[in-house]
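Student: Just passing along the structure, written as structure tokens.
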Amino acid sequence: KNRLLSAFAGTSALLLALLFVPALFAEPERGGNADDAAAAWEKAFPDGLIKAGQKASAAKKANLRALEGKFVGVYHARSTCSGCRKFTPQLVDFYRKNKGDIEIVLLQADNTEEEAVAYAKETKMKWLAVPFGGSAKLDRGLEIPGMAVYAPDGTFFMSVYCLKPYRSDQLTLENLRERMDAFETGKKAAAAPKTAPAKSGKNNKKSRARGKKAP
């Protein structure tokens with residue numbers, strides 16, 4: 001009996017905890033505006049963002065409006081990681097070709113700021129970064145190397161696993177562009193005005209009959 005009571009109490013406590021933990025990127029209602037997404041990014045990056053390759057003490061904080069209307073990929077990397085060394089050049093090329101649609105935010109995992117800054121400069125990262133020692137409060141864990149991609153409204157979109165996937169649900173950069181395109185196509189289709197279906201049957205026959213001239 002005591003064991004049952006103990007198990008019940010533990011389960012109840014867990015459920016209560018889950019109910020009251022605030023979700024940073026809770027699913028928004030359809031039609032959420034840019035201000036909602038901007039507020040979500042401010043919570044996600046409480047230390048702000050700077051340009052990759054700059055020291056936090058000398059860098060000017062970036063305007064988070066730079067993320068507005070774009071997909072955002074949060075990239076977790078370290079200069080001494082062999083996987084990062086292989087993947088970062090691919091991501092640099094992807095960003096160069098798609099930077100109108102996506103912004104990358106580097107989350108640095110190096111031991112020193114000097115290492116992180118040197119790596120960003122060496123690999124020609126032209127995107128944003130969380131200041132060294134700063135935090136990113138995301139709703140998805142990140143592997144190294146790994147990238148969590150968020151949709152323009154701030155909701156989670158997909159995870160990118162930078163090397164060969166280990167499981168069938170892990171996707172690589174090859175899938176990202178096509179999914180971004182599918183997302184935009186679906187968005188346009190949802191916003192397009194709906195046309196009324198053409199009438200059929202007896203009503204159409206009567207209309208055609210009225211349109212005929214007398215012999």
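How things are named: the first chain in the structure tokens is A, the next is B, and so on; residues count from 1 in each chain; ligands count from 1 in the order shown.
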Please list as a PyMOL selection string every residue within 9 Å of range 67-84 of chain A, counting only C-alpha atoms and excluding residues in the same chain fewer than 2 positions away.
Tutor: chain A and resi 34-35+37-38+41+63-65+86-89+99-111+115-116+118-120+129+142-154+157+159-160+162-163+180
Student: Would you mind reading off the distance between CA of Leu176 in chain A and CA of Ala189 in chain A, one decimal, in Å?
Tutor: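 Separating CA of Leu176 in chain A from CA of Ala189 in chain A is a distance of 20.0 Å.
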Student: DSSP on the backbone, strand (DSSP E or B) only: what residues of range 78-185 of chain A does that give? Format it as a list in words.
Tutor: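 Written out, the strand (DSSP E or B) residues of range 78-185 of chain A are Ile102, Glu103, Ile104, Val105, Leu106, Leu107, Gln108, Leu128, Ala129, Gly146, Met147, Ala148, Val149, Tyr150, Phe156, Phe157, Met158, Ser159, Val160, Tyr161 and Leu171 of chain A.
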Student: Separation of CA of Met125 in chain A and CA of Thr185 in chain A, in Å?
Tutor: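 Going from CA of Met125 in chain A over to CA of Thr185 in chain A covers 29.3 Å.
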Student: Just the number, please: distance in Å from CA of Leu128 in chain A to CA of Ile50 in chain A, one decimal.
Tutor: 5.6 Å
